[in-house]
$ cat upload30.cif   # mmCIF, C-alpha atoms
data_work
#
loop_
_atom_site.label_atom_id
_atom_site.label_comp_id
_atom_site.auth_asym_id
_atom_site.auth_seq_id
_atom_site.Cartn_x
_atom_site.Cartn_y
_atom_site.Cartn_z
CA MET A 167 49.37 210.41 147.99
CA THR A 168 51.44 208.56 145.45
CA ALA A 169 49.67 205.68 143.81
CA VAL A 170 51.46 202.38 144.08
CA PHE A 171 51.00 199.89 141.25
CA LEU A 172 51.73 196.30 142.09
CA PRO A 173 52.63 193.87 139.31
CA LEU A 174 49.79 191.56 138.37
CA TYR A 175 50.70 187.89 138.84
CA ILE A 176 48.76 185.06 137.28
CA ASP A 177 49.83 181.54 138.21
CA PRO A 178 50.62 179.15 135.30
CA GLY A 179 47.46 177.03 135.82
CA THR A 180 45.16 180.04 135.71
CA GLY A 181 47.07 181.51 132.78
CA SER A 182 46.70 178.27 130.87
CA MET A 183 42.96 178.19 131.58
CA LEU A 184 42.50 181.82 130.50
CA PHE A 185 44.45 181.14 127.32
CA SER A 186 42.26 178.12 126.60
CA VAL A 187 39.11 180.21 127.12
CA PHE A 188 40.51 182.94 124.86
CA ILE A 189 41.24 180.44 122.08
CA GLY A 190 37.74 179.01 122.48
CA ILE A 191 36.18 182.47 122.12
CA ILE A 192 38.23 183.21 118.99
CA ALA A 193 37.30 179.83 117.46
CA THR A 194 33.61 180.33 118.27
CA LEU A 195 33.62 183.81 116.69
CA TYR A 196 35.29 182.36 113.59
CA PHE A 197 32.61 179.74 113.07
CA LEU A 198 29.79 182.18 113.92
CA VAL A 199 31.11 184.51 111.21
CA ARG A 200 31.34 181.56 108.83
CA ALA A 201 27.73 180.57 109.58
CA ALA A 202 26.55 184.18 109.19
CA ALA A 203 28.32 184.44 105.84
CA LEU A 204 26.55 181.30 104.68
CA LYS A 205 23.16 182.72 105.71
CA PHE A 206 23.98 185.98 103.91
CA LYS A 207 24.70 184.03 100.73
CA LEU A 208 21.39 182.21 101.15
CA LEU A 209 19.52 185.45 101.48
CA PHE A 210 21.02 187.27 98.51
CA SER A 211 22.46 184.72 96.14
CA GLY A 212 19.44 182.57 95.34
CA ARG A 213 19.95 179.10 93.94
CA LYS A 214 23.75 179.06 94.16
CA ALA A 215 23.61 180.01 97.82
CA ARG A 216 21.08 177.26 98.57
CA GLU A 217 23.38 174.78 96.88
CA ALA A 218 26.27 176.07 98.99
CA ALA A 219 24.22 175.61 102.15
CA LYS A 220 23.33 172.09 101.10
CA ALA A 221 27.00 171.32 100.50
CA GLU A 222 27.86 172.60 103.99
CA LYS A 223 25.45 170.13 105.56
CA LYS A 224 26.82 166.63 106.20
CA ASN A 225 24.96 163.33 106.13
CA TYR A 226 27.29 161.24 108.29
CA VAL A 227 29.96 162.62 110.61
CA ILE A 228 32.41 160.89 112.94
CA TYR A 229 34.33 162.92 115.50
CA SER A 230 37.55 161.46 116.95
CA GLU A 231 39.28 163.12 119.92
CA GLY A 232 42.62 161.68 118.87
CA LYS A 233 44.45 158.93 117.07
CA GLN A 234 44.05 156.63 120.09
CA TYR A 235 40.48 156.10 118.88
CA TRP A 236 41.48 154.98 115.39
CA ASN A 237 40.87 151.33 116.31
CA VAL A 238 37.32 152.27 117.29
CA PHE A 239 36.41 154.07 114.09
CA LYS A 240 38.42 152.27 111.40
CA PRO A 241 35.94 149.38 110.98
CA VAL A 242 33.10 151.89 110.53
CA ILE A 243 35.10 154.00 108.08
CA ASP A 244 36.01 150.92 106.06
CA GLU A 245 32.33 149.96 105.83
CA PHE A 246 31.38 153.35 104.42
CA GLU A 247 34.28 153.20 101.99
CA ASN A 248 33.28 149.72 100.80
CA ARG A 249 29.67 150.82 100.36
CA LYS A 250 30.79 153.93 98.45
CA LEU A 251 29.01 156.25 100.88
CA GLN A 252 30.44 159.64 101.76
CA LEU A 253 31.47 160.09 105.39
CA ASP A 254 33.02 163.17 107.00
CA TYR A 255 35.68 162.30 109.57
CA PHE A 256 36.56 165.13 111.97
CA THR A 257 39.63 164.60 114.10
CA SER A 258 41.57 166.48 116.77
CA ALA A 259 44.85 164.80 115.77
CA LYS A 260 46.98 166.31 113.01
CA ASP A 261 48.68 162.94 112.57
CA ASP A 262 45.50 160.86 112.63
CA PRO A 263 46.00 157.62 110.63
CA VAL A 264 43.01 158.55 108.48
CA PHE A 265 45.21 161.02 106.58
CA GLY A 266 47.49 158.20 105.47
CA GLY A 267 44.65 156.13 104.05
CA SER A 268 43.76 156.00 100.38
CA TYR A 269 40.06 156.63 100.88
CA GLU A 270 37.84 157.87 98.07
CA HIS A 271 34.61 158.34 100.00
CA ILE A 272 35.96 159.46 103.39
CA ARG A 273 36.59 163.20 103.85
CA PRO A 274 38.99 163.74 106.76
CA GLU A 275 39.38 167.14 108.37
CA PHE A 276 41.55 168.30 111.26
CA ILE A 277 39.42 170.64 113.37
CA GLY A 278 41.84 171.42 116.19
CA ASP A 279 41.47 170.18 119.75
CA GLY A 280 39.86 171.33 122.98
CA ASN A 281 37.69 174.44 122.71
CA THR A 282 38.64 174.96 119.08
CA ALA A 283 37.22 171.57 118.14
CA PHE A 284 34.13 172.05 120.29
CA ALA A 285 33.43 175.42 118.64
CA ARG A 286 33.45 173.70 115.24
CA LEU A 287 31.22 170.86 116.45
CA ASN A 288 28.78 173.14 118.26
CA LEU A 289 27.90 174.80 114.94
CA LEU A 290 27.86 171.63 112.85
CA SER A 291 25.08 170.84 110.39
CA ALA A 292 24.60 167.07 109.94
CA ASP A 293 22.13 164.22 110.05
CA ILE A 294 24.14 161.76 112.17
CA VAL A 295 27.15 162.46 114.41
CA LEU A 296 28.98 159.50 115.95
CA MET A 297 31.57 159.95 118.71
CA THR A 298 33.20 158.32 121.72
CA THR A 299 33.32 161.66 123.56
CA PRO A 300 30.98 161.68 126.60
CA GLY A 301 29.43 164.72 128.27
CA LEU A 302 27.37 166.05 125.37
CA ASP A 303 25.51 169.20 126.52
CA VAL A 304 27.20 168.93 129.93
CA TYR A 305 30.52 170.68 129.42
CA GLN A 306 31.90 172.64 126.43
CA LEU A 307 30.53 170.19 123.85
CA LYS A 308 27.00 171.38 123.08
CA ARG A 309 24.29 170.01 120.84
CA SER A 310 24.10 171.84 117.55
CA LYS A 311 20.55 172.77 116.58
CA ASN A 312 21.44 171.69 113.05
CA VAL A 313 22.36 168.10 114.00
CA LYS A 314 19.46 165.67 113.89
CA HIS A 315 20.94 162.76 115.84
CA TYR A 316 23.89 162.23 118.20
CA ALA A 317 25.13 158.67 118.69
CA HIS A 318 27.71 157.58 121.25
CA ILE A 319 29.75 154.45 120.55
CA ARG A 320 31.33 152.54 123.41
CA HIS A 321 35.10 152.09 123.11
CA GLY A 322 35.43 149.51 125.85
CA SER A 323 33.50 146.49 127.04
CA GLY A 324 33.11 147.67 130.65
CA ASP A 325 30.09 149.30 132.26
CA ALA A 326 28.50 152.18 130.39
CA THR A 327 27.98 153.93 133.74
CA MET A 328 31.70 154.41 134.45
CA TYR A 329 31.74 157.83 132.80
CA ARG A 330 31.79 161.05 134.78
CA LYS A 331 28.29 162.13 135.89
CA PHE A 332 25.72 162.63 133.08
CA GLY A 333 28.21 161.34 130.48
CA LEU A 334 25.57 159.70 128.25
CA ASP A 335 22.39 161.48 129.33
CA TYR A 336 21.88 163.75 126.31
CA PHE A 337 22.77 161.47 123.43
CA ASP A 338 19.97 160.21 121.20
CA SER A 339 21.44 156.72 121.01
CA VAL A 340 24.22 154.64 122.53
CA LEU A 341 25.87 151.79 120.63
CA LEU A 342 26.81 149.07 123.11
CA THR A 343 29.25 146.18 123.17
CA GLY A 344 26.93 143.87 125.14
CA ASP A 345 23.27 143.69 126.16
CA TYR A 346 24.15 143.82 129.86
CA GLN A 347 24.97 147.56 129.51
CA LYS A 348 21.33 148.46 128.77
CA GLU A 349 19.80 147.92 132.19
CA ASP A 350 21.91 150.47 134.08
CA ILE A 351 21.39 153.15 131.42
CA ARG A 352 17.61 152.64 131.64
CA THR A 353 17.78 152.84 135.44
CA LEU A 354 19.58 156.19 135.27
CA GLU A 355 17.15 157.55 132.66
CA THR A 356 14.16 156.66 134.83
CA LYS A 357 15.74 158.01 138.00
CA ARG A 358 16.72 161.30 136.33
CA GLY A 359 13.47 161.70 134.39
CA ILE A 360 15.16 162.05 131.00
CA PRO A 361 13.97 160.58 127.66
CA HIS A 362 14.96 157.01 126.88
CA LYS A 363 17.73 156.75 124.33
CA GLU A 364 17.88 154.18 121.57
CA LEU A 365 20.19 151.42 122.82
CA VAL A 366 21.64 149.11 120.19
CA THR A 367 24.16 146.33 120.79
CA VAL A 368 26.52 146.50 117.81
CA GLY A 369 29.58 144.79 119.33
CA CYS A 370 33.01 146.27 119.97
CA THR A 371 34.81 147.75 116.95
CA TYR A 372 37.87 148.32 119.12
CA LEU A 373 38.24 144.67 120.13
CA ASP A 374 37.44 143.45 116.60
CA THR A 375 40.33 145.55 115.30
CA LEU A 376 42.78 144.47 118.00
CA ALA A 377 41.90 140.79 117.60
CA ALA A 378 42.66 140.90 113.88
CA ARG A 379 45.94 142.74 114.44
CA MET A 380 47.10 140.53 117.30
CA ALA A 381 46.61 137.45 115.17
CA GLY A 382 49.32 138.81 112.86
CA ILE A 383 51.94 139.33 115.61
CA PRO A 384 54.39 136.39 115.61
CA PRO A 385 55.32 134.81 118.94
CA GLU A 386 58.54 135.99 120.56
CA GLU A 387 61.73 134.05 120.04
CA ASN A 388 63.48 133.19 123.32
CA HIS A 389 60.46 134.37 125.29
CA GLN A 390 61.06 135.22 128.92
CA PHE A 391 58.38 135.22 131.60
CA THR A 392 56.72 138.65 131.48
CA VAL A 393 54.51 140.56 133.91
CA LEU A 394 52.51 143.46 132.49
CA VAL A 395 51.54 146.22 134.94
CA SER A 396 48.76 148.19 133.28
CA PRO A 397 46.84 150.48 135.66
CA SER A 398 44.17 153.10 135.34
CA TRP A 399 44.97 156.67 136.43
CA GLY A 400 44.06 158.89 139.35
CA PRO A 401 44.57 158.70 143.12
CA SER A 402 43.04 155.21 143.38
CA ALA A 403 45.14 153.67 140.58
CA ILE A 404 47.90 151.29 141.68
CA LEU A 405 50.81 153.15 140.10
CA THR A 406 49.81 156.38 141.83
CA ARG A 407 48.76 154.80 145.10
CA TYR A 408 51.56 152.28 145.61
CA GLY A 409 54.40 153.15 143.21
CA GLU A 410 57.72 151.78 144.50
CA LYS A 411 55.99 149.62 147.11
CA LEU A 412 54.64 147.47 144.26
CA LEU A 413 57.42 147.89 141.72
CA ASP A 414 60.41 147.16 144.00
CA PRO A 415 59.42 143.55 144.77
CA LEU A 416 58.39 143.03 141.16
CA VAL A 417 61.77 143.96 139.70
CA GLN A 418 63.48 141.84 142.36
CA THR A 419 61.88 138.73 140.83
CA GLY A 420 64.23 139.05 137.86
CA TRP A 421 61.32 138.57 135.44
CA ARG A 422 60.69 141.03 132.61
CA ILE A 423 58.39 143.74 133.93
CA ILE A 424 56.53 145.96 131.44
CA ILE A 425 54.77 149.03 132.82
CA ARG A 426 52.14 150.57 130.60
CA PRO A 427 50.77 153.75 132.25
CA HIS A 428 47.31 154.96 131.34
CA PRO A 429 47.53 157.60 128.55
CA GLN A 430 45.92 160.16 130.85
CA SER A 431 48.75 159.73 133.37
CA LYS A 432 51.19 161.56 131.09
CA LYS A 433 48.88 164.58 131.20
CA SER A 434 47.64 164.46 134.79
CA GLU A 435 50.35 162.59 136.72
CA SER A 436 53.56 163.44 134.92
CA ALA A 437 55.43 164.19 138.16
CA MET A 438 54.72 160.70 139.45
CA LEU A 439 55.86 159.10 136.19
CA ASP A 440 59.00 161.23 136.08
CA ARG A 441 59.90 160.15 139.60
CA LEU A 442 59.43 156.45 138.89
CA THR A 443 61.17 156.61 135.52
CA LYS A 444 64.20 158.24 137.12
CA LYS A 445 64.30 155.72 139.96
CA TYR A 446 64.25 152.67 137.65
CA ALA A 447 66.34 154.16 134.85
CA ASN A 448 69.10 151.56 135.34
CA THR A 449 66.83 148.59 136.03
CA THR A 450 67.51 146.27 133.13
CA ASN A 451 64.45 144.03 133.54
CA LEU A 452 61.93 146.89 133.67
CA GLU A 453 60.63 148.70 130.59
CA TRP A 454 58.02 151.38 129.98
CA ASP A 455 55.43 151.13 127.21
CA TYR A 456 53.98 154.38 125.88
CA GLU A 457 53.00 153.05 122.46
CA ARG A 458 49.59 154.00 121.12
CA ASP A 459 48.55 150.35 120.81
CA ASN A 460 48.58 148.02 123.79
CA ILE A 461 48.52 144.79 121.79
CA TYR A 462 52.29 144.31 121.65
CA SER A 463 52.74 144.35 125.41
CA MET A 464 49.65 142.21 125.92
CA LYS A 465 50.96 139.67 123.42
CA LYS A 466 54.25 139.41 125.35
CA ALA A 467 52.68 139.19 128.80
CA ASP A 468 52.13 135.93 130.65
CA ILE A 469 50.09 137.64 133.35
CA MET A 470 48.68 141.13 133.98
CA ILE A 471 48.50 143.17 137.17
CA SER A 472 45.94 145.98 137.18
CA ASP A 473 43.30 147.73 139.28
CA PHE A 474 39.93 148.90 137.94
CA SER A 475 41.13 149.63 134.40
CA SER A 476 39.04 148.27 131.54
CA ILE A 477 42.25 147.01 129.92
CA ILE A 478 41.73 143.97 132.14
CA TYR A 479 38.92 142.95 129.81
CA ASP A 480 40.94 143.68 126.67
CA TYR A 481 43.62 141.32 127.98
CA THR A 482 41.13 138.71 129.21
CA PHE A 483 39.11 138.58 125.99
CA LEU A 484 42.02 138.82 123.55
CA CYS A 485 44.67 136.74 125.36
CA ASP A 486 42.64 134.44 127.64
CA LYS A 487 45.34 134.54 130.35
CA PRO A 488 45.24 135.07 134.13
CA VAL A 489 44.80 138.52 135.66
CA ILE A 490 45.84 139.75 139.10
CA TYR A 491 44.04 142.79 140.47
CA VAL A 492 44.56 145.10 143.42
CA ASN A 493 41.33 146.26 145.01
CA ALA A 494 41.80 150.02 144.95
CA ASP A 495 38.49 151.02 146.64
CA LEU A 496 37.51 153.31 143.79
CA ASP A 497 35.50 156.35 144.86
CA LEU A 498 32.39 156.24 142.65
CA ARG A 499 30.99 159.63 143.62
CA MET A 500 32.12 161.31 140.40
CA TYR A 501 30.76 158.53 138.18
CA ASP A 502 27.27 157.75 136.89
CA ALA A 503 27.50 154.38 138.64
CA ASP A 504 27.20 156.19 141.97
CA ASN A 505 23.56 157.00 141.15
CA LEU A 506 22.54 153.39 140.70
CA PRO A 507 20.47 151.78 143.46
CA GLU A 508 23.05 149.04 143.92
CA LYS A 509 26.77 149.73 143.72
CA GLN A 510 27.55 146.26 142.36
CA ILE A 511 29.05 147.25 139.02
CA TRP A 512 29.31 144.49 136.39
CA GLN A 513 33.02 144.89 135.74
CA PHE A 514 33.86 144.83 139.46
CA ALA A 515 31.63 141.84 140.18
CA THR A 516 33.03 140.01 137.15
CA LEU A 517 36.62 140.81 138.11
CA LYS A 518 36.17 138.82 141.32
CA LYS A 519 35.22 135.81 139.19
CA ILE A 520 37.93 136.03 136.53
CA GLY A 521 40.81 137.56 138.52
CA ILE A 522 43.09 136.80 141.45
CA GLU A 523 43.18 139.46 144.15
CA LEU A 524 46.50 140.84 145.36
CA LYS A 525 46.49 142.55 148.76
CA GLU A 526 48.95 145.22 149.79
CA GLU A 527 50.38 143.05 152.57
CA GLN A 528 51.25 140.45 149.91
CA PHE A 529 53.51 142.83 147.91
CA PRO A 530 56.75 141.63 149.58
CA HIS A 531 55.87 138.06 148.53
CA ILE A 532 54.55 138.95 145.08
CA ALA A 533 56.76 136.36 143.37
CA ASP A 534 54.98 133.59 145.28
CA VAL A 535 51.56 135.07 144.47
CA ILE A 536 52.36 135.12 140.76
CA LYS A 537 53.82 131.60 140.80
CA ASN A 538 50.66 130.31 142.47
CA ALA A 539 48.37 132.24 140.11
CA GLY A 540 48.09 129.34 137.73
CA ASP A 541 45.08 128.99 135.49
CA SER A 542 42.17 126.75 136.39
CA PRO A 543 39.03 125.41 134.66
CA GLU A 544 36.94 127.70 136.89
CA LEU A 545 38.84 130.84 135.89
CA ALA A 546 38.79 129.86 132.21
CA ALA A 547 35.01 129.28 132.34
CA ALA A 548 34.49 132.64 134.07
CA ARG A 549 36.54 134.41 131.38
CA ALA A 550 34.49 132.75 128.64
CA GLN A 551 31.21 133.80 130.29
CA ALA A 552 32.40 137.39 130.72
CA LYS A 553 33.40 137.55 127.07
CA LYS A 554 29.99 136.19 126.04
CA GLU A 555 28.24 138.93 128.02
CA ALA A 556 30.43 141.93 127.20
CA TRP A 557 31.73 141.32 123.66
CA GLN A 558 28.81 140.32 121.50
CA GLN A 559 28.50 140.39 117.71
CA ILE A 560 32.21 139.55 117.43
CA GLY A 561 33.70 140.65 114.11
CA LYS A 562 30.51 142.45 113.05
CA ALA A 563 30.69 145.75 114.94
CA GLY A 564 31.84 147.89 112.01
CA ALA A 565 29.07 146.63 109.72
CA ASN A 566 26.46 146.86 112.48
CA THR A 567 27.43 150.47 113.28
CA ALA A 568 27.32 151.50 109.62
CA ASP A 569 23.94 149.76 109.24
CA PHE A 570 22.60 151.70 112.23
CA MET A 571 23.82 155.07 110.92
CA ILE A 572 22.40 154.47 107.45
CA ARG A 573 19.07 153.24 108.80
CA LYS A 574 18.78 156.12 111.23
CA GLU A 575 19.57 158.72 108.56
CA ALA A 576 16.84 157.26 106.34
CA GLU A 577 14.35 157.36 109.22
CA LEU A 578 15.16 160.97 110.04
CA ASN A 579 14.81 162.12 106.45
CA LYS A 580 11.57 160.20 106.04
CA ALA A 581 10.16 161.81 109.19
CA GLN A 582 11.25 165.28 107.99
CA THR A 583 9.61 164.72 104.60
CA GLY A 584 6.44 163.55 106.32
CA GLU A 585 6.33 166.68 108.45
CA LYS A 586 6.58 168.94 105.40
CA THR A 587 3.88 167.19 103.39
#

$ encode --input "upload30.cif" --output "structure tokens"
Amino acid sequence: MTAVFLPLYIDPGTGSMLFSVFIGIIATLYFLVRAAALKFKLLFSGRKAREAAKAEKKNYVIYSEGKQYWNVFKPVIDEFENRKLQLDYFTSAKDDPVFGGSYEHIRPEFIGDGNTAFARLNLLSADIVLMTTPGLDVYQLKRSKNVKHYAHIRHGSGDATMYRKFGLDYFDSVLLTGDYQKEDIRTLETKRGIPHKELVTVGCTYLDTLAARMAGIPPEENHQFTVLVSPSWGPSAILTRYGEKLLDPLVQTGWRIIIRPHPQSKKSESAMLDRLTKKYANTTNLEWDYERDNIYSMKKADIMISDFSSIIYDYTFLCDKPVIYVNADLDLRMYDADNLPEKQIWQFATLKKIGIELKEEQFPHIADVIKNAGDSPELAAARAQAKKEAWQQIGKAGANTADFMIRKEAELNKAQTGEKT
């Protein structure tokens, strides 16, 4: 019998995954070899090797997934620079703005992205590691046995339970934007039987940065009435769910329409964006905003239309203007919030107070809805109360975060010294 060999076919998605795993394995082996070499030096090279090992260990480390988080970390970096304290800044963006800064005490390092970055972080030796990345010890990002303390900093003022399941469970501390975020975290910890984390309200570095930058943007000359459509992403988001059904009546108003897709949409929903971009290519009053910073579109907008995206609160707190929302019936099963006893999430409950709901059957008459969406004392008061609850310590978040890291590092070293004596 003649053997028949069939060609092996691997679909592009599987091939991409296998390639990613392969790169992760190579990166892990690289850093394991590096760590082994360091231990070898320690064993045979005496004092010089011990000094090399000490140099390898970091006191303070920040990890940034990409340059979109620069507004989160810049106030903290500036504090360390001003205090003349060394900080190691690991980033997964080759063009991270940190490389263009003239810092003397900040040591930036590009560590790759995806599995390559996680391999580097999983073998890190440091006292304090600060990051926005959730899912520590859940997915590829693992706790390093040589890191004393992992701190998560919130990069939005919405609920801390709107991460994917177990997003914050294994951090040692979480730095919050408002006190209201504490209760739900404690509820999850008790329900899951995990140790209580240190919860510290430091404020919102991200909003502090945007507020300062927006103040420097001059008002538009010959301003025209502008509607900003700024959704979240996924099957429940308004751009994915409604698309042309929402955009057609909007462009027919003749007003300037700015669409700012969620950054994740370019990665996960590119086909949808390509379709809509092609359809409205010749629509003169519609423009797409893919800029890293959202402040320029928010500054231009007279009103925002969104869904469950936390950008609603950026716009509300920074611009103090009306918001229209479409109730998208978000499926909470993949989020931590699904494990709370009551499904009344703060940002959803607050949205009903500060926003004006737009129903699908109202889309054909959206011009009338927007014209009647005038501000009121009740809406303004609700916005002020939401800001008071969710954005505390305004202007102080960078200093508060640096204070926490410095204090925590001192506590850890004191405890270690006490154990040895």

$ atom_distance --input "upload30.cif" --atom1 "CA of Ile319 in chain A" --atom2 "CA of Val395 in chain A"
27.4 Å

$ closest_residue --input "upload30.cif" --among "A:Ser339, A:Asn312, A:Asn460, A:Thr327" --to "Met380 in chain A" --atoms "all atoms listed in the file"
A:Asn460

$ resolve_selection --input "upload30.cif" --expression "the PyMOL selection byres ((chain A and resi 532-535) around 9)" --output "list of chain:residue names"
A:Leu412, A:Pro415, A:Leu416, A:Gln418, A:Thr419, A:Leu524, A:Gln528, A:Phe529, A:Pro530, A:His531, A:Ile536, A:Lys537, A:Asn538, A:Ala539

$ residues_around --input "upload30.cif" --residues "Lys562 in chain A" --least-positions-apart "6" --cutoff "8 Å" --atoms "only C-alpha atoms" --output "ChimeraX atom specification"
/A:368-369,371,374

$ closest_residue --input "upload30.cif" --among "A:Gly400, A:Leu498, A:Gly344, A:Pro361" --to "Lys554 in chain A" --atoms "all atoms listed in the file"
A:Gly344

$ closest_residue --input "upload30.cif" --among "A:Ile469, A:Met464, A:Val417, A:Val313" --to "Thr450 in chain A" --atoms "all atoms listed in the file"
A:Val417

$ residues_around --input "upload30.cif" --residues "Asn248 in chain A" --least-positions-apart "3" --cutoff "12 Å" --atoms "all atoms listed in the file" --output "list in words"
Pro241, Val242, Ile243, Asp244, Glu245, Leu251, Gln252, Leu253, Tyr269, Glu270, His271, Ile272, Gly564, Ala565 and Ala568 of chain A

$ write_last_selection --input "upload30.cif" --atoms "C-alpha atoms" --output "short mmCIF file (atom, residue, chain, number, x, y, z; two decimals), keeping the file's coordinate frame"
data_model
loop_
_atom_site.label_atom_id
_atom_site.label_comp_id
_atom_site.auth_asym_id
_atom_site.auth_seq_id
_atom_site.Cartn_x
_atom_site.Cartn_y
_atom_site.Cartn_z
CA PRO A 241 35.94 149.38 110.98
CA VAL A 242 33.10 151.89 110.53
CA ILE A 243 35.10 154.00 108.08
CA ASP A 244 36.01 150.92 106.06
CA GLU A 245 32.33 149.96 105.83
CA LEU A 251 29.01 156.25 100.88
CA GLN A 252 30.44 159.64 101.76
CA LEU A 253 31.47 160.09 105.39
CA TYR A 269 40.06 156.63 100.88
CA GLU A 270 37.84 157.87 98.07
CA HIS A 271 34.61 158.34 100.00
CA ILE A 272 35.96 159.46 103.39
CA GLY A 564 31.84 147.89 112.01
CA ALA A 565 29.07 146.63 109.72
CA ALA A 568 27.32 151.50 109.62
#

$ closest_residue --input "upload30.cif" --among "A:Ser310, A:Ser398, A:Thr257, A:Ser542" --to "Lys487 in chain A" --atoms "only C-alpha atoms"
A:Ser542

$ closest_residue --input "upload30.cif" --among "A:Met438, A:Glu453, A:Thr443, A:Gln551" --to "Thr406 in chain A" --atoms "only C-alpha atoms"
A:Met438

$ resolve_selection --input "upload30.cif" --expression "the PyMOL selection byres ((chain A and resi 421) around 7)" --output "list in words"
Phe391, Thr392, Val417, Thr419, Gly420, Arg422, Ile423 and Asn451 of chain A

$ atom_distance --input "upload30.cif" --atom1 "CA of Phe284 in chain A" --atom2 "CA of Leu307 in chain A"
5.4 Å

$ resolve_selection --input "upload30.cif" --expression "the PyMOL selection byres ((chain A and resi 341) around 12)" --output "count of residues only"
43

$ residues_around --input "upload30.cif" --residues "range 500-507 of chain A" --least-positions-apart "6" --cutoff "7 Å" --atoms "all atoms listed in the file" --output "PyMOL selection string"
chain A and resi 327-332+354

$ residues_around --input "upload30.cif" --residues "Tyr481 in chain A" --least-positions-apart "5" --cutoff "9 Å" --atoms "only C-alpha atoms" --output "VMD selection string"
chain A and resid 461 464 to 465 470 486 to 489

$ write_last_selection --input "upload30.cif" --atoms "C-alpha atoms" --output "PDB file, in the coordinates of the input"
ATOM      1  CA  ILE A 461      48.520 144.790 121.790  1.00  0.00           C
ATOM      2  CA  MET A 464      49.650 142.210 125.920  1.00  0.00           C
ATOM      3  CA  LYS A 465      50.960 139.670 123.420  1.00  0.00           C
ATOM      4  CA  MET A 470      48.680 141.130 133.980  1.00  0.00           C
ATOM      5  CA  ASP A 486      42.640 134.440 127.640  1.00  0.00           C
ATOM      6  CA  LYS A 487      45.340 134.540 130.350  1.00  0.00           C
ATOM      7  CA  PRO A 488      45.240 135.070 134.130  1.00  0.00           C
ATOM      8  CA  VAL A 489      44.800 138.520 135.660  1.00  0.00           C
TER       9      VAL A 489
END

$ residues_around --input "upload30.cif" --residues "Asp455 in chain A" --least-positions-apart "3" --cutoff "8 Å" --atoms "only C-alpha atoms" --output "number ranges by chain"
A: 424-427, 463
